[in-house]
file entry01.cif (mmCIF, N, CA and C atoms)
data_work
#
loop_
_atom_site.label_atom_id
_atom_site.label_comp_id
_atom_site.auth_asym_id
_atom_site.auth_seq_id
_atom_site.Cartn_x
_atom_site.Cartn_y
_atom_site.Cartn_z
N MET A 1 140.30 49.91 108.58
CA MET A 1 139.90 48.78 107.77
C MET A 1 140.33 49.00 106.33
N ARG A 2 140.12 50.22 105.84
CA ARG A 2 140.47 50.52 104.46
C ARG A 2 141.98 50.45 104.28
N ARG A 3 142.73 50.91 105.25
CA ARG A 3 144.19 50.88 105.18
C ARG A 3 144.68 49.43 105.12
N LYS A 4 144.07 48.57 105.92
CA LYS A 4 144.44 47.16 105.93
C LYS A 4 144.16 46.53 104.56
N PHE A 5 143.01 46.85 103.96
CA PHE A 5 142.66 46.33 102.65
C PHE A 5 143.66 46.82 101.59
N MET A 6 143.98 48.09 101.61
CA MET A 6 144.92 48.65 100.62
C MET A 6 146.31 48.02 100.79
N TYR A 7 146.73 47.82 102.03
CA TYR A 7 148.02 47.19 102.29
C TYR A 7 148.03 45.76 101.73
N SER A 8 146.95 45.01 101.97
CA SER A 8 146.84 43.65 101.45
C SER A 8 146.81 43.65 99.93
N ALA A 9 146.09 44.59 99.35
CA ALA A 9 146.01 44.67 97.89
C ALA A 9 147.37 45.00 97.28
N MET A 10 148.13 45.87 97.92
CA MET A 10 149.45 46.22 97.40
C MET A 10 150.40 45.03 97.48
N ILE A 11 150.34 44.28 98.57
CA ILE A 11 151.18 43.09 98.70
C ILE A 11 150.79 42.06 97.65
N PHE A 12 149.50 41.87 97.46
CA PHE A 12 149.03 40.92 96.45
C PHE A 12 149.50 41.34 95.06
N ALA A 13 149.35 42.61 94.72
CA ALA A 13 149.76 43.09 93.40
C ALA A 13 151.25 42.90 93.18
N ALA A 14 152.04 43.20 94.19
CA ALA A 14 153.49 43.01 94.07
C ALA A 14 153.82 41.54 93.88
N THR A 15 153.12 40.67 94.59
CA THR A 15 153.35 39.24 94.46
C THR A 15 153.00 38.76 93.06
N VAL A 16 151.88 39.20 92.54
CA VAL A 16 151.46 38.81 91.20
C VAL A 16 152.47 39.26 90.16
N ILE A 17 152.90 40.49 90.25
CA ILE A 17 153.84 41.03 89.27
C ILE A 17 155.17 40.32 89.35
N LEU A 18 155.68 40.09 90.55
CA LEU A 18 156.97 39.42 90.70
C LEU A 18 156.90 37.96 90.29
N ALA A 19 155.81 37.31 90.57
CA ALA A 19 155.70 35.88 90.27
C ALA A 19 155.35 35.61 88.82
N SER A 20 154.72 36.56 88.17
CA SER A 20 154.20 36.29 86.84
C SER A 20 155.28 36.08 85.79
N CYS A 21 156.35 36.78 85.85
CA CYS A 21 157.37 36.67 84.81
C CYS A 21 158.75 36.55 85.41
N ASN A 22 158.97 35.59 86.23
CA ASN A 22 160.26 35.40 86.89
C ASN A 22 161.21 34.68 85.95
N ALA A 23 162.31 35.32 85.63
CA ALA A 23 163.28 34.75 84.71
C ALA A 23 163.97 33.52 85.27
N ALA A 24 163.88 33.30 86.57
CA ALA A 24 164.53 32.14 87.19
C ALA A 24 163.73 30.86 86.98
N ASP A 25 162.48 30.98 86.53
CA ASP A 25 161.68 29.78 86.31
C ASP A 25 162.28 28.96 85.19
N THR A 26 162.14 27.67 85.29
CA THR A 26 162.62 26.79 84.24
C THR A 26 161.44 26.05 83.65
N ALA A 27 161.54 25.77 82.37
CA ALA A 27 160.47 25.04 81.70
C ALA A 27 160.56 23.57 82.08
N LEU A 28 159.43 23.00 82.37
CA LEU A 28 159.38 21.58 82.70
C LEU A 28 158.71 20.84 81.57
N ASN A 29 159.26 19.71 81.23
CA ASN A 29 158.68 18.89 80.19
C ASN A 29 157.60 18.03 80.81
N SER A 30 156.36 18.33 80.51
CA SER A 30 155.25 17.60 81.14
C SER A 30 155.13 16.18 80.60
N ASN A 31 155.85 15.86 79.53
CA ASN A 31 155.79 14.51 78.99
C ASN A 31 156.81 13.58 79.62
N SER A 32 157.60 14.08 80.52
CA SER A 32 158.63 13.27 81.15
C SER A 32 158.01 12.20 82.04
N LYS A 33 158.44 10.95 81.86
CA LYS A 33 157.88 9.85 82.65
C LYS A 33 158.41 9.86 84.07
N ASN A 34 159.59 10.42 84.29
CA ASN A 34 160.18 10.45 85.62
C ASN A 34 159.84 11.72 86.38
N PHE A 35 159.02 12.56 85.80
CA PHE A 35 158.73 13.86 86.41
C PHE A 35 158.11 13.72 87.79
N SER A 36 157.06 12.93 87.92
CA SER A 36 156.38 12.84 89.20
C SER A 36 157.27 12.23 90.28
N ALA A 37 158.07 11.23 89.91
CA ALA A 37 158.97 10.62 90.88
C ALA A 37 160.05 11.61 91.29
N THR A 38 160.57 12.38 90.34
CA THR A 38 161.60 13.36 90.63
C THR A 38 161.04 14.49 91.48
N ALA A 39 159.85 14.97 91.14
CA ALA A 39 159.25 16.07 91.89
C ALA A 39 158.95 15.67 93.33
N ALA A 40 158.54 14.44 93.52
CA ALA A 40 158.23 13.99 94.87
C ALA A 40 159.49 13.80 95.71
N ALA A 41 160.59 13.46 95.05
CA ALA A 41 161.82 13.16 95.77
C ALA A 41 162.63 14.40 96.10
N THR A 42 162.46 15.48 95.32
CA THR A 42 163.26 16.68 95.54
C THR A 42 162.50 17.67 96.41
N PRO A 43 163.20 18.35 97.30
CA PRO A 43 162.52 19.34 98.14
C PRO A 43 162.09 20.54 97.31
N GLU A 44 161.06 21.22 97.77
CA GLU A 44 160.56 22.39 97.07
C GLU A 44 161.59 23.51 97.11
N LYS A 45 161.87 24.10 95.95
CA LYS A 45 162.85 25.17 95.85
C LYS A 45 162.24 26.45 96.42
N VAL A 46 163.03 27.19 97.17
CA VAL A 46 162.59 28.45 97.73
C VAL A 46 163.16 29.57 96.86
N TYR A 47 162.28 30.41 96.34
CA TYR A 47 162.68 31.51 95.47
C TYR A 47 162.87 32.77 96.30
N PRO A 48 163.71 33.70 95.83
CA PRO A 48 163.99 34.92 96.60
C PRO A 48 162.74 35.75 96.89
N ASP A 49 161.74 35.71 96.00
CA ASP A 49 160.54 36.51 96.24
C ASP A 49 159.56 35.83 97.19
N GLY A 50 159.83 34.59 97.58
CA GLY A 50 159.00 33.89 98.54
C GLY A 50 157.69 33.35 97.98
N VAL A 51 157.48 33.46 96.68
CA VAL A 51 156.24 33.00 96.07
C VAL A 51 156.40 31.55 95.63
N ARG A 52 155.43 30.73 95.99
CA ARG A 52 155.47 29.31 95.65
C ARG A 52 155.17 29.10 94.17
N ARG A 53 155.91 28.22 93.53
CA ARG A 53 155.66 27.84 92.15
C ARG A 53 154.95 26.49 92.15
N ILE A 54 154.09 26.27 91.16
CA ILE A 54 153.45 24.97 91.03
C ILE A 54 153.73 24.40 89.65
N THR A 55 153.64 23.11 89.54
CA THR A 55 153.86 22.43 88.27
C THR A 55 152.55 22.37 87.49
N THR A 56 152.65 22.00 86.22
CA THR A 56 151.44 21.89 85.41
C THR A 56 150.53 20.79 85.95
N SER A 57 151.11 19.71 86.46
CA SER A 57 150.27 18.64 87.01
C SER A 57 149.56 19.10 88.29
N GLU A 58 150.25 19.91 89.11
CA GLU A 58 149.60 20.45 90.31
C GLU A 58 148.45 21.37 89.91
N LEU A 59 148.67 22.18 88.86
CA LEU A 59 147.62 23.08 88.40
C LEU A 59 146.42 22.29 87.88
N GLU A 60 146.70 21.25 87.11
CA GLU A 60 145.60 20.42 86.60
C GLU A 60 144.77 19.84 87.75
N THR A 61 145.45 19.37 88.79
CA THR A 61 144.76 18.81 89.95
C THR A 61 143.92 19.88 90.65
N LEU A 62 144.51 21.05 90.87
CA LEU A 62 143.78 22.14 91.53
C LEU A 62 142.55 22.55 90.72
N LEU A 63 142.70 22.63 89.39
CA LEU A 63 141.57 23.01 88.54
C LEU A 63 140.49 21.95 88.56
N ARG A 64 140.89 20.70 88.49
CA ARG A 64 139.93 19.59 88.49
C ARG A 64 139.13 19.59 89.80
N GLU A 65 139.78 19.93 90.90
CA GLU A 65 139.12 19.95 92.21
C GLU A 65 138.41 21.27 92.48
N GLY A 66 138.51 22.23 91.54
CA GLY A 66 137.86 23.53 91.72
C GLY A 66 138.52 24.40 92.77
N LYS A 67 139.82 24.20 93.00
CA LYS A 67 140.53 24.92 94.05
C LYS A 67 141.47 26.00 93.51
N ALA A 68 141.44 26.27 92.19
CA ALA A 68 142.36 27.26 91.62
C ALA A 68 141.61 28.27 90.77
N PHE A 69 142.13 29.47 90.75
CA PHE A 69 141.65 30.55 89.88
C PHE A 69 142.86 31.02 89.10
N VAL A 70 142.83 30.87 87.78
CA VAL A 70 144.00 31.16 86.94
C VAL A 70 143.87 32.55 86.33
N VAL A 71 144.92 33.36 86.51
CA VAL A 71 144.96 34.73 86.01
C VAL A 71 146.10 34.85 85.00
N ASP A 72 145.75 35.27 83.79
CA ASP A 72 146.73 35.54 82.74
C ASP A 72 147.07 37.02 82.85
N VAL A 73 148.32 37.35 83.14
CA VAL A 73 148.70 38.74 83.37
C VAL A 73 149.35 39.39 82.14
N ARG A 74 149.20 38.75 80.99
CA ARG A 74 149.74 39.33 79.75
C ARG A 74 148.76 40.36 79.19
N ASN A 75 149.07 40.88 78.00
CA ASN A 75 148.16 41.84 77.37
C ASN A 75 147.09 41.13 76.54
N GLN A 76 146.12 41.87 76.05
CA GLN A 76 144.98 41.31 75.33
C GLN A 76 145.42 40.55 74.08
N ASP A 77 146.38 41.09 73.31
CA ASP A 77 146.83 40.43 72.09
C ASP A 77 147.43 39.06 72.38
N SER A 78 148.25 38.97 73.41
CA SER A 78 148.87 37.69 73.78
C SER A 78 147.80 36.71 74.25
N TYR A 79 146.85 37.20 75.01
CA TYR A 79 145.76 36.36 75.50
C TYR A 79 144.95 35.80 74.33
N ASP A 80 144.68 36.65 73.33
CA ASP A 80 143.90 36.24 72.17
C ASP A 80 144.63 35.18 71.34
N MET A 81 145.97 35.21 71.35
CA MET A 81 146.74 34.22 70.58
C MET A 81 146.71 32.85 71.24
N GLY A 82 146.44 32.78 72.51
CA GLY A 82 146.36 31.51 73.21
C GLY A 82 146.45 31.70 74.71
N HIS A 83 145.66 30.92 75.44
CA HIS A 83 145.67 31.02 76.89
C HIS A 83 145.16 29.72 77.50
N ILE A 84 145.35 29.56 78.79
CA ILE A 84 144.85 28.40 79.50
C ILE A 84 143.33 28.50 79.54
N PRO A 85 142.64 27.45 79.10
CA PRO A 85 141.17 27.50 79.12
C PRO A 85 140.64 27.80 80.53
N GLY A 86 139.73 28.74 80.59
CA GLY A 86 139.14 29.13 81.87
C GLY A 86 139.89 30.22 82.60
N SER A 87 141.04 30.63 82.06
CA SER A 87 141.81 31.67 82.74
C SER A 87 141.15 33.03 82.53
N GLN A 88 141.40 33.91 83.47
CA GLN A 88 140.86 35.27 83.44
C GLN A 88 141.98 36.22 83.04
N LEU A 89 141.73 37.09 82.07
CA LEU A 89 142.73 38.07 81.66
C LEU A 89 142.67 39.28 82.58
N ILE A 90 143.76 39.50 83.30
CA ILE A 90 143.94 40.70 84.11
C ILE A 90 145.38 41.13 83.93
N PRO A 91 145.65 42.07 82.99
CA PRO A 91 147.04 42.51 82.78
C PRO A 91 147.69 42.96 84.08
N SER A 92 148.97 42.73 84.19
CA SER A 92 149.68 42.98 85.46
C SER A 92 149.50 44.40 85.98
N GLY A 93 149.40 45.38 85.10
CA GLY A 93 149.23 46.76 85.53
C GLY A 93 147.83 47.08 86.02
N GLU A 94 146.88 46.15 85.83
CA GLU A 94 145.49 46.41 86.18
C GLU A 94 144.98 45.52 87.34
N VAL A 95 145.88 44.82 87.99
CA VAL A 95 145.47 43.89 89.04
C VAL A 95 144.68 44.59 90.15
N LEU A 96 145.15 45.74 90.59
CA LEU A 96 144.44 46.45 91.68
C LEU A 96 143.04 46.88 91.26
N ASP A 97 142.83 47.14 89.97
CA ASP A 97 141.50 47.53 89.49
C ASP A 97 140.52 46.36 89.54
N HIS A 98 141.03 45.13 89.56
CA HIS A 98 140.19 43.93 89.52
C HIS A 98 140.30 43.09 90.79
N ILE A 99 140.79 43.67 91.85
CA ILE A 99 141.04 42.93 93.08
C ILE A 99 139.76 42.29 93.63
N ASP A 100 138.62 42.93 93.42
CA ASP A 100 137.36 42.38 93.93
C ASP A 100 136.88 41.16 93.14
N GLU A 101 137.44 40.94 91.95
CA GLU A 101 137.06 39.80 91.12
C GLU A 101 137.78 38.52 91.53
N LEU A 102 138.80 38.64 92.37
CA LEU A 102 139.59 37.47 92.75
C LEU A 102 138.95 36.76 93.94
N PRO A 103 138.77 35.46 93.81
CA PRO A 103 138.15 34.72 94.91
C PRO A 103 139.08 34.57 96.10
N ARG A 104 138.52 34.58 97.27
CA ARG A 104 139.32 34.44 98.50
C ARG A 104 139.42 32.99 98.95
N ASP A 105 138.63 32.11 98.35
CA ASP A 105 138.61 30.72 98.79
C ASP A 105 139.36 29.77 97.85
N LYS A 106 140.10 30.32 96.88
CA LYS A 106 140.85 29.50 95.93
C LYS A 106 142.29 29.95 95.85
N THR A 107 143.14 29.05 95.38
CA THR A 107 144.53 29.40 95.11
C THR A 107 144.57 30.22 93.83
N ILE A 108 145.16 31.38 93.88
CA ILE A 108 145.26 32.24 92.69
C ILE A 108 146.58 31.94 92.01
N VAL A 109 146.50 31.50 90.75
CA VAL A 109 147.67 31.12 89.97
C VAL A 109 147.82 32.13 88.84
N THR A 110 148.98 32.78 88.76
CA THR A 110 149.22 33.72 87.67
C THR A 110 150.23 33.13 86.71
N TYR A 111 150.12 33.56 85.45
CA TYR A 111 151.11 33.14 84.45
C TYR A 111 151.23 34.21 83.37
N CYS A 112 152.37 34.17 82.68
CA CYS A 112 152.59 35.17 81.63
C CYS A 112 153.15 34.56 80.36
N SER A 113 153.24 33.27 80.26
CA SER A 113 153.72 32.69 78.99
C SER A 113 153.16 31.32 78.79
#
call {"tool": "encode", "arguments": {"input": "entry01.cif", "output": "structure tokens"}}
result
Amino acid sequence: MRRKFMYSAMIFAATVILASCNAADTALNSNSKNFSATAAATPEKVYPDGVRRITTSELETLLREGKAFVVDVRNQDSYDMGHIPGSQLIPSGEVLDHIDELPRDKTIVTYCS
């Protein structure tokens, strides 16, 4: 049982680290009027790491419905300069130390900028 938990925790940590600062991500302009129509018409892009990306509007919906847990994986100084309201600071190197704080019934969303 412990081995299974550690294996799951290691996979989760790797996913968080790889997804948090992916240079392939592109900035989306949330003020674009055609954004929702474009997003609905285009198929979801598959990234090499296999981690799903969400848009800011998807995140807003998940948060409004209480279905998301947002984790800021930057350092304390960056978090203090500004962060998503309600996000939890867990630096990427400390994810395994806080694995018990992550809810199992919500989508865990990480970000680093």
call {"tool": "residues_around", "arguments": {"input": "entry01.cif", "residues": "range 81-90 of chain A", "least_positions_apart": "5", "cutoff": "6.5 Å", "atoms": "only N, CA and C atoms", "output": "PyMOL selection string"}}
result
chain A and resi 69-74+76+95
call {"tool": "atom_distance", "arguments": {"input": "entry01.cif", "atom1": "atom C of Gly50 in chain A", "atom2": "CA of Asp77 in chain A"}}
result
29.0 Å
call {"tool": "atom_distance", "arguments": {"input": "entry01.cif", "atom1": "atom C of Thr61 in chain A", "atom2": "CA of Lys106 in chain A"}}
result
11.4 Å
